[in-house]
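J.: Contents of coords-v4.cif (mmCIF, N, CA and C atoms):
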data_start
loop_
_atom_site.label_atom_id
_atom_site.label_comp_id
_atom_site.auth_asym_id
_atom_site.auth_seq_id
_atom_site.Cartn_x
_atom_site.Cartn_y
_atom_site.Cartn_z
N MET A 1 96.47 130.02 101.97
CA MET A 1 95.92 129.52 100.72
C MET A 1 97.03 129.20 99.72
N LEU A 2 98.05 130.01 99.71
CA LEU A 2 99.16 129.77 98.79
C LEU A 2 99.81 128.43 99.08
N TYR A 3 99.95 128.09 100.38
CA TYR A 3 100.54 126.82 100.78
C TYR A 3 99.75 125.65 100.20
N VAL A 4 98.41 125.71 100.30
CA VAL A 4 97.56 124.65 99.77
C VAL A 4 97.74 124.53 98.26
N LEU A 5 97.79 125.63 97.57
CA LEU A 5 97.99 125.60 96.11
C LEU A 5 99.35 125.02 95.76
N ASP A 6 100.39 125.39 96.54
CA ASP A 6 101.72 124.84 96.29
C ASP A 6 101.73 123.32 96.46
N ILE A 7 101.11 122.83 97.54
CA ILE A 7 101.05 121.39 97.78
C ILE A 7 100.30 120.70 96.65
N HIS A 8 99.18 121.29 96.23
CA HIS A 8 98.40 120.72 95.13
C HIS A 8 99.26 120.63 93.86
N MET A 9 100.00 121.68 93.56
CA MET A 9 100.82 121.68 92.35
C MET A 9 101.95 120.66 92.46
N ILE A 10 102.53 120.53 93.66
CA ILE A 10 103.59 119.54 93.86
C ILE A 10 103.03 118.14 93.66
N ASN A 11 101.87 117.87 94.29
CA ASN A 11 101.25 116.56 94.15
C ASN A 11 100.92 116.26 92.70
N LYS A 12 100.37 117.25 92.01
CA LYS A 12 100.02 117.06 90.60
C LYS A 12 101.27 116.81 89.76
N ALA A 13 102.35 117.52 90.07
CA ALA A 13 103.61 117.34 89.34
C ALA A 13 104.17 115.94 89.56
N ILE A 14 104.11 115.44 90.79
CA ILE A 14 104.61 114.10 91.10
C ILE A 14 103.80 113.05 90.33
N LEU A 15 102.47 113.16 90.42
CA LEU A 15 101.62 112.20 89.73
C LEU A 15 101.81 112.31 88.22
N GLN A 16 101.94 113.52 87.70
CA GLN A 16 102.12 113.72 86.27
C GLN A 16 103.42 113.07 85.80
N LYS A 17 104.47 113.20 86.58
CA LYS A 17 105.75 112.60 86.23
C LYS A 17 105.61 111.09 86.07
N GLN A 18 104.89 110.46 87.01
CA GLN A 18 104.68 109.02 86.93
C GLN A 18 103.84 108.63 85.71
N LEU A 19 102.79 109.39 85.46
CA LEU A 19 101.94 109.08 84.31
C LEU A 19 102.68 109.30 83.00
N ASP A 20 103.46 110.36 82.92
CA ASP A 20 104.24 110.62 81.70
C ASP A 20 105.21 109.47 81.44
N LYS A 21 105.80 108.98 82.51
CA LYS A 21 106.76 107.89 82.42
C LYS A 21 106.10 106.62 81.88
N HIS A 22 104.85 106.37 82.29
CA HIS A 22 104.20 105.13 81.93
C HIS A 22 103.26 105.22 80.73
N LYS A 23 102.60 106.34 80.56
CA LYS A 23 101.59 106.40 79.51
C LYS A 23 101.86 107.47 78.46
N GLY A 24 102.73 108.40 78.76
CA GLY A 24 103.06 109.43 77.79
C GLY A 24 101.97 110.44 77.55
N HIS A 25 101.07 110.68 78.50
CA HIS A 25 100.06 111.72 78.31
C HIS A 25 99.92 112.56 79.58
N ARG A 26 99.42 113.75 79.41
CA ARG A 26 99.21 114.65 80.54
C ARG A 26 97.95 114.24 81.29
N ILE A 27 97.95 114.50 82.58
CA ILE A 27 96.81 114.14 83.41
C ILE A 27 95.97 115.40 83.67
N SER A 28 94.69 115.23 83.61
CA SER A 28 93.81 116.36 83.92
C SER A 28 93.60 116.42 85.43
N GLU A 29 93.10 117.54 85.89
CA GLU A 29 92.81 117.68 87.31
C GLU A 29 91.76 116.67 87.74
N LYS A 30 90.80 116.41 86.87
CA LYS A 30 89.75 115.42 87.18
C LYS A 30 90.38 114.03 87.38
N GLU A 31 91.31 113.67 86.49
CA GLU A 31 91.97 112.37 86.62
C GLU A 31 92.79 112.29 87.91
N LEU A 32 93.41 113.41 88.28
CA LEU A 32 94.19 113.46 89.51
C LEU A 32 93.30 113.12 90.70
N TYR A 33 92.13 113.75 90.77
CA TYR A 33 91.25 113.51 91.91
C TYR A 33 90.59 112.14 91.83
N GLU A 34 90.40 111.61 90.66
CA GLU A 34 89.90 110.24 90.54
C GLU A 34 90.94 109.26 91.09
N ALA A 35 92.22 109.53 90.82
CA ALA A 35 93.29 108.68 91.36
C ALA A 35 93.31 108.75 92.89
N TYR A 36 93.14 109.97 93.44
CA TYR A 36 93.05 110.10 94.90
C TYR A 36 91.88 109.30 95.45
N LYS A 37 90.74 109.38 94.79
CA LYS A 37 89.55 108.66 95.26
C LYS A 37 89.78 107.15 95.25
N ILE A 38 90.44 106.65 94.22
CA ILE A 38 90.74 105.22 94.16
C ILE A 38 91.67 104.83 95.31
N PHE A 39 92.72 105.62 95.51
CA PHE A 39 93.68 105.32 96.57
C PHE A 39 93.01 105.33 97.93
N PHE A 40 92.36 106.44 98.28
CA PHE A 40 91.76 106.55 99.61
C PHE A 40 90.54 105.64 99.74
N GLY A 41 89.85 105.37 98.65
CA GLY A 41 88.72 104.45 98.67
C GLY A 41 89.16 103.04 99.03
N THR A 42 90.38 102.70 98.68
CA THR A 42 90.92 101.39 99.03
C THR A 42 91.03 101.24 100.54
N LEU A 43 91.28 102.34 101.23
CA LEU A 43 91.44 102.31 102.68
C LEU A 43 90.12 102.40 103.45
N VAL A 44 89.01 102.61 102.75
CA VAL A 44 87.72 102.78 103.41
C VAL A 44 87.15 101.46 103.93
N SER A 45 87.49 100.38 103.28
CA SER A 45 86.93 99.07 103.61
C SER A 45 87.57 98.47 104.87
N GLU A 46 86.73 98.12 105.84
CA GLU A 46 87.24 97.49 107.06
C GLU A 46 87.94 96.16 106.77
N PRO A 47 87.38 95.29 105.91
CA PRO A 47 88.11 94.05 105.60
C PRO A 47 89.49 94.31 104.98
N ARG A 48 89.60 95.31 104.11
CA ARG A 48 90.90 95.62 103.51
C ARG A 48 91.87 96.15 104.57
N LEU A 49 91.38 96.97 105.49
CA LEU A 49 92.25 97.46 106.57
C LEU A 49 92.72 96.31 107.46
N LYS A 50 91.84 95.37 107.71
CA LYS A 50 92.23 94.20 108.52
C LYS A 50 93.30 93.39 107.79
N ILE A 51 93.12 93.19 106.49
CA ILE A 51 94.12 92.46 105.69
C ILE A 51 95.46 93.19 105.73
N ILE A 52 95.43 94.50 105.53
CA ILE A 52 96.66 95.29 105.57
C ILE A 52 97.36 95.11 106.91
N ASN A 53 96.62 95.18 108.00
CA ASN A 53 97.25 95.07 109.32
C ASN A 53 97.79 93.67 109.59
N ILE A 54 97.13 92.65 109.11
CA ILE A 54 97.65 91.29 109.24
C ILE A 54 98.95 91.14 108.45
N LEU A 55 98.96 91.69 107.23
CA LEU A 55 100.13 91.56 106.37
C LEU A 55 101.29 92.44 106.80
N ARG A 56 101.05 93.35 107.73
CA ARG A 56 102.15 94.15 108.28
C ARG A 56 103.09 93.25 109.07
N LYS A 57 102.57 92.17 109.61
CA LYS A 57 103.37 91.27 110.44
C LYS A 57 104.16 90.27 109.60
N LYS A 58 103.47 89.63 108.64
CA LYS A 58 104.16 88.66 107.77
C LYS A 58 103.27 88.30 106.59
N LYS A 59 103.89 87.71 105.57
CA LYS A 59 103.13 87.32 104.39
C LYS A 59 102.20 86.15 104.73
N LYS A 60 101.09 86.09 104.01
CA LYS A 60 100.07 85.05 104.25
C LYS A 60 99.47 84.62 102.92
N ASN A 61 98.94 83.39 102.90
CA ASN A 61 98.17 82.95 101.74
C ASN A 61 96.69 83.15 102.05
N VAL A 62 95.83 82.94 101.08
CA VAL A 62 94.40 83.20 101.25
C VAL A 62 93.82 82.36 102.37
N SER A 63 94.19 81.10 102.45
CA SER A 63 93.66 80.23 103.51
C SER A 63 94.02 80.75 104.89
N GLU A 64 95.24 81.22 105.06
CA GLU A 64 95.66 81.77 106.36
C GLU A 64 94.86 83.03 106.69
N LEU A 65 94.64 83.88 105.67
CA LEU A 65 93.86 85.10 105.89
C LEU A 65 92.41 84.78 106.25
N ILE A 66 91.84 83.81 105.56
CA ILE A 66 90.46 83.39 105.85
C ILE A 66 90.34 82.98 107.31
N GLY A 67 91.32 82.18 107.79
CA GLY A 67 91.30 81.72 109.17
C GLY A 67 91.43 82.86 110.17
N GLU A 68 92.32 83.80 109.90
CA GLU A 68 92.52 84.91 110.84
C GLU A 68 91.36 85.90 110.83
N LEU A 69 90.79 86.10 109.66
CA LEU A 69 89.72 87.10 109.52
C LEU A 69 88.33 86.53 109.80
N ASN A 70 88.22 85.20 109.73
CA ASN A 70 86.92 84.54 109.86
C ASN A 70 85.95 85.10 108.81
N MET A 71 86.43 85.16 107.57
CA MET A 71 85.65 85.69 106.45
C MET A 71 85.56 84.64 105.36
N ASP A 72 84.58 84.83 104.52
CA ASP A 72 84.36 83.99 103.36
C ASP A 72 85.53 84.15 102.37
N GLN A 73 85.88 83.06 101.69
CA GLN A 73 86.99 83.07 100.73
C GLN A 73 86.77 84.09 99.62
N THR A 74 85.53 84.20 99.16
CA THR A 74 85.23 85.15 98.08
C THR A 74 85.50 86.58 98.52
N LEU A 75 85.11 86.92 99.73
CA LEU A 75 85.32 88.27 100.25
C LEU A 75 86.81 88.57 100.42
N VAL A 76 87.56 87.61 100.95
CA VAL A 76 89.00 87.81 101.13
C VAL A 76 89.66 87.98 99.76
N SER A 77 89.34 87.12 98.81
CA SER A 77 89.94 87.20 97.47
C SER A 77 89.59 88.50 96.77
N HIS A 78 88.34 88.92 96.89
CA HIS A 78 87.89 90.18 96.27
C HIS A 78 88.69 91.36 96.83
N ASN A 79 88.85 91.41 98.15
CA ASN A 79 89.59 92.51 98.76
C ASN A 79 91.08 92.44 98.45
N LEU A 80 91.64 91.25 98.39
CA LEU A 80 93.05 91.12 97.99
C LEU A 80 93.26 91.60 96.56
N ALA A 81 92.30 91.32 95.69
CA ALA A 81 92.42 91.77 94.29
C ALA A 81 92.47 93.30 94.23
N ARG A 82 91.62 93.97 95.00
CA ARG A 82 91.63 95.44 95.01
C ARG A 82 92.95 95.96 95.58
N LEU A 83 93.41 95.36 96.67
CA LEU A 83 94.67 95.78 97.28
C LEU A 83 95.85 95.57 96.33
N LYS A 84 95.83 94.47 95.60
CA LYS A 84 96.91 94.18 94.65
C LYS A 84 96.86 95.13 93.46
N LYS A 85 95.66 95.37 92.94
CA LYS A 85 95.49 96.26 91.78
C LYS A 85 96.01 97.66 92.09
N CYS A 86 95.82 98.11 93.33
CA CYS A 86 96.25 99.45 93.73
C CYS A 86 97.67 99.47 94.29
N GLY A 87 98.35 98.34 94.29
CA GLY A 87 99.74 98.29 94.73
C GLY A 87 99.94 98.28 96.23
N PHE A 88 98.88 98.03 96.99
CA PHE A 88 99.02 97.96 98.44
C PHE A 88 99.67 96.66 98.86
N VAL A 89 99.36 95.58 98.14
CA VAL A 89 99.98 94.28 98.43
C VAL A 89 100.62 93.74 97.16
N LEU A 90 101.59 92.89 97.37
CA LEU A 90 102.27 92.18 96.30
C LEU A 90 102.06 90.70 96.53
N SER A 91 102.18 89.91 95.48
CA SER A 91 102.02 88.47 95.66
C SER A 91 103.21 87.73 95.07
N GLU A 92 103.42 86.55 95.63
CA GLU A 92 104.48 85.68 95.13
C GLU A 92 104.00 84.24 95.27
N ILE A 93 104.42 83.41 94.35
CA ILE A 93 104.04 82.00 94.40
C ILE A 93 105.18 81.22 95.04
N ASN A 94 104.80 80.39 96.02
CA ASN A 94 105.76 79.53 96.69
C ASN A 94 105.15 78.13 96.72
N GLY A 95 105.65 77.25 95.86
CA GLY A 95 105.06 75.92 95.74
C GLY A 95 103.68 76.04 95.12
N LYS A 96 102.68 75.48 95.79
CA LYS A 96 101.33 75.54 95.24
C LYS A 96 100.50 76.68 95.84
N PHE A 97 101.14 77.53 96.65
CA PHE A 97 100.42 78.63 97.30
C PHE A 97 100.88 80.00 96.78
N ARG A 98 99.93 80.91 96.73
CA ARG A 98 100.22 82.30 96.42
C ARG A 98 100.20 83.05 97.75
N TYR A 99 101.31 83.70 98.06
CA TYR A 99 101.42 84.46 99.30
C TYR A 99 101.31 85.95 99.00
N TYR A 100 100.66 86.64 99.91
CA TYR A 100 100.48 88.08 99.79
C TYR A 100 101.28 88.76 100.88
N LYS A 101 101.92 89.87 100.51
CA LYS A 101 102.66 90.65 101.50
C LYS A 101 102.40 92.12 101.24
N LEU A 102 102.54 92.91 102.29
CA LEU A 102 102.33 94.33 102.19
C LEU A 102 103.46 94.96 101.37
N ASN A 103 103.14 95.95 100.58
CA ASN A 103 104.15 96.69 99.84
C ASN A 103 105.00 97.44 100.87
N GLU A 104 106.18 96.91 101.15
CA GLU A 104 107.03 97.44 102.21
C GLU A 104 107.68 98.76 101.83
N LYS A 105 107.78 99.03 100.55
CA LYS A 105 108.43 100.26 100.10
C LYS A 105 107.53 101.48 100.31
N THR A 106 106.23 101.34 100.05
CA THR A 106 105.35 102.50 100.11
C THR A 106 104.26 102.39 101.17
N ILE A 107 103.58 101.27 101.24
CA ILE A 107 102.41 101.17 102.11
C ILE A 107 102.78 100.97 103.57
N LEU A 108 103.79 100.20 103.86
CA LEU A 108 104.21 100.01 105.26
C LEU A 108 104.59 101.34 105.91
N PRO A 109 105.45 102.15 105.27
CA PRO A 109 105.75 103.46 105.88
C PRO A 109 104.52 104.36 105.98
N LEU A 110 103.65 104.29 104.99
CA LEU A 110 102.43 105.08 105.02
C LEU A 110 101.54 104.67 106.20
N MET A 111 101.39 103.38 106.42
CA MET A 111 100.58 102.90 107.54
C MET A 111 101.18 103.33 108.88
N ASN A 112 102.50 103.38 108.97
CA ASN A 112 103.14 103.85 110.20
C ASN A 112 102.84 105.33 110.43
N ILE A 113 102.84 106.11 109.37
CA ILE A 113 102.48 107.53 109.47
C ILE A 113 101.02 107.68 109.87
N ILE A 114 100.16 106.88 109.26
CA ILE A 114 98.73 106.92 109.60
C ILE A 114 98.52 106.56 111.07
N ASP A 115 99.20 105.53 111.56
CA ASP A 115 99.09 105.15 112.97
C ASP A 115 99.48 106.31 113.88
N SER A 116 100.57 106.95 113.57
CA SER A 116 101.04 108.07 114.37
C SER A 116 100.03 109.22 114.35
N HIS A 117 99.53 109.52 113.18
CA HIS A 117 98.54 110.60 113.04
C HIS A 117 97.27 110.27 113.82
N MET A 118 96.78 109.04 113.66
CA MET A 118 95.55 108.64 114.36
C MET A 118 95.71 108.73 115.87
N SER A 119 96.84 108.28 116.38
CA SER A 119 97.02 108.29 117.83
C SER A 119 97.06 109.71 118.37
N LYS A 120 97.48 110.65 117.55
CA LYS A 120 97.55 112.05 117.99
C LYS A 120 96.24 112.80 117.76
N TYR A 121 95.58 112.55 116.63
CA TYR A 121 94.45 113.39 116.24
C TYR A 121 93.09 112.70 116.19
N CYS A 122 93.05 111.39 116.12
CA CYS A 122 91.76 110.72 115.85
C CYS A 122 91.23 109.86 116.99
N ILE A 123 92.08 109.21 117.74
CA ILE A 123 91.62 108.28 118.77
C ILE A 123 90.73 108.96 119.79
N HIS A 124 91.03 110.21 120.13
CA HIS A 124 90.22 110.92 121.12
C HIS A 124 88.77 111.08 120.67
N ILE A 125 88.54 111.08 119.38
CA ILE A 125 87.17 111.19 118.86
C ILE A 125 86.35 109.97 119.27
N LEU A 126 86.96 108.81 119.25
CA LEU A 126 86.28 107.58 119.65
C LEU A 126 85.87 107.63 121.12
N ASN A 127 86.70 108.21 121.93
CA ASN A 127 86.45 108.25 123.37
C ASN A 127 85.54 109.41 123.79
N LYS A 128 85.32 110.36 122.92
CA LYS A 128 84.55 111.55 123.26
C LYS A 128 83.11 111.23 123.69
N GLY A 129 82.47 110.29 123.01
CA GLY A 129 81.09 109.97 123.32
C GLY A 129 80.92 109.00 124.47
N LYS A 130 82.00 108.42 124.96
CA LYS A 130 81.91 107.44 126.04
C LYS A 130 81.86 108.13 127.39
N VAL A 131 81.05 107.59 128.26
CA VAL A 131 80.96 108.13 129.62
C VAL A 131 81.86 107.32 130.52
N SER A 132 82.72 108.01 131.23
CA SER A 132 83.59 107.29 132.16
C SER A 132 82.96 107.32 133.55
N VAL A 133 83.04 106.21 134.21
CA VAL A 133 82.47 106.10 135.55
C VAL A 133 83.62 106.11 136.54
N ARG A 134 83.58 107.10 137.43
CA ARG A 134 84.64 107.20 138.43
C ARG A 134 84.16 106.54 139.73
N LYS A 135 85.04 105.79 140.29
CA LYS A 135 84.72 105.16 141.58
C LYS A 135 85.18 106.08 142.70
N PRO A 136 84.36 106.21 143.74
CA PRO A 136 84.72 107.10 144.85
C PRO A 136 85.90 106.60 145.65
#
Can you present the structure in this file as structure tokens?
T.:
Amino acid sequence: MLYVLDIHMINKAILQKQLDKHKGHRISEKELYEAYKIFFGTLVSEPRLKIINILRKKKKNVSELIGELNMDQTLVSHNLARLKKCGFVLSEINGKFRYYKLNEKTILPLMNIIDSHMSKYCIHILNKGKVSVRKP
């Protein structure tokens, strides 16, 4: 239990340092968990996860994403806006196009950690309910 409390205090201290730097006020525990919910809530959406995985390979504009995802422009733009607002993706203008790329400093390494964790702890859950047929 002490370990969990220590991690919580470290996380709160890290987040507080960032908020103090930008806003000059202390963060409440409620605000801390609201920030966690926003962050992890961003990863709950399948379209956003697909966008993140596409952008892991290279930057894309909205038209390119629409083509790869086979999704409506409004849905792609809405999800890009959420990803951008939360710092998951960054954008740059090149000519008449706005290109989106994954935040390589924070989100790319995080996604690599998530991939490693999933392959060790989560993928087996998907296979648990499947029946395998053995041939004689």
J.: Determine the nearest neighbour of A:Ser63 from the options A:Arg98, A:Lys84, A:Ile123, A:Ile51, counting only N, CA and C atoms.
T.: A:Arg98
J.: So which residues touch stretch 102-107 of chain A within 8 Å, counting all atoms listed in the file, skipping near sequence neighbours fewer than 3 positions away, as JSON, numbers by chain?
T.: {"A": [51, 52, 54, 55, 56, 57, 58, 59, 60, 87, 88, 89, 90, 91, 99, 110, 111, 112, 113]}
J.: One number please: atom C of A:Phe40 to atom N of A:Ile114, in Å, one decimal.
T.: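 Calculated distance between atom C of A:Phe40 and atom N of A:Ile114 is 13.6 Å.
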J.: Using Å and a single decimal, report how far atom CA of A:Ala81 sits from atom C of A:Lys30.
T.: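 That distance, rounded to one decimal, is 23.4 Å.
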J.: Quick check for you: according to DSSP on this backbone, which residues of stretch 62-118 of chain A are classed as strand (DSSP E)? Reply as a ChimeraX atom specification.
T.: /A:89-94,97-102
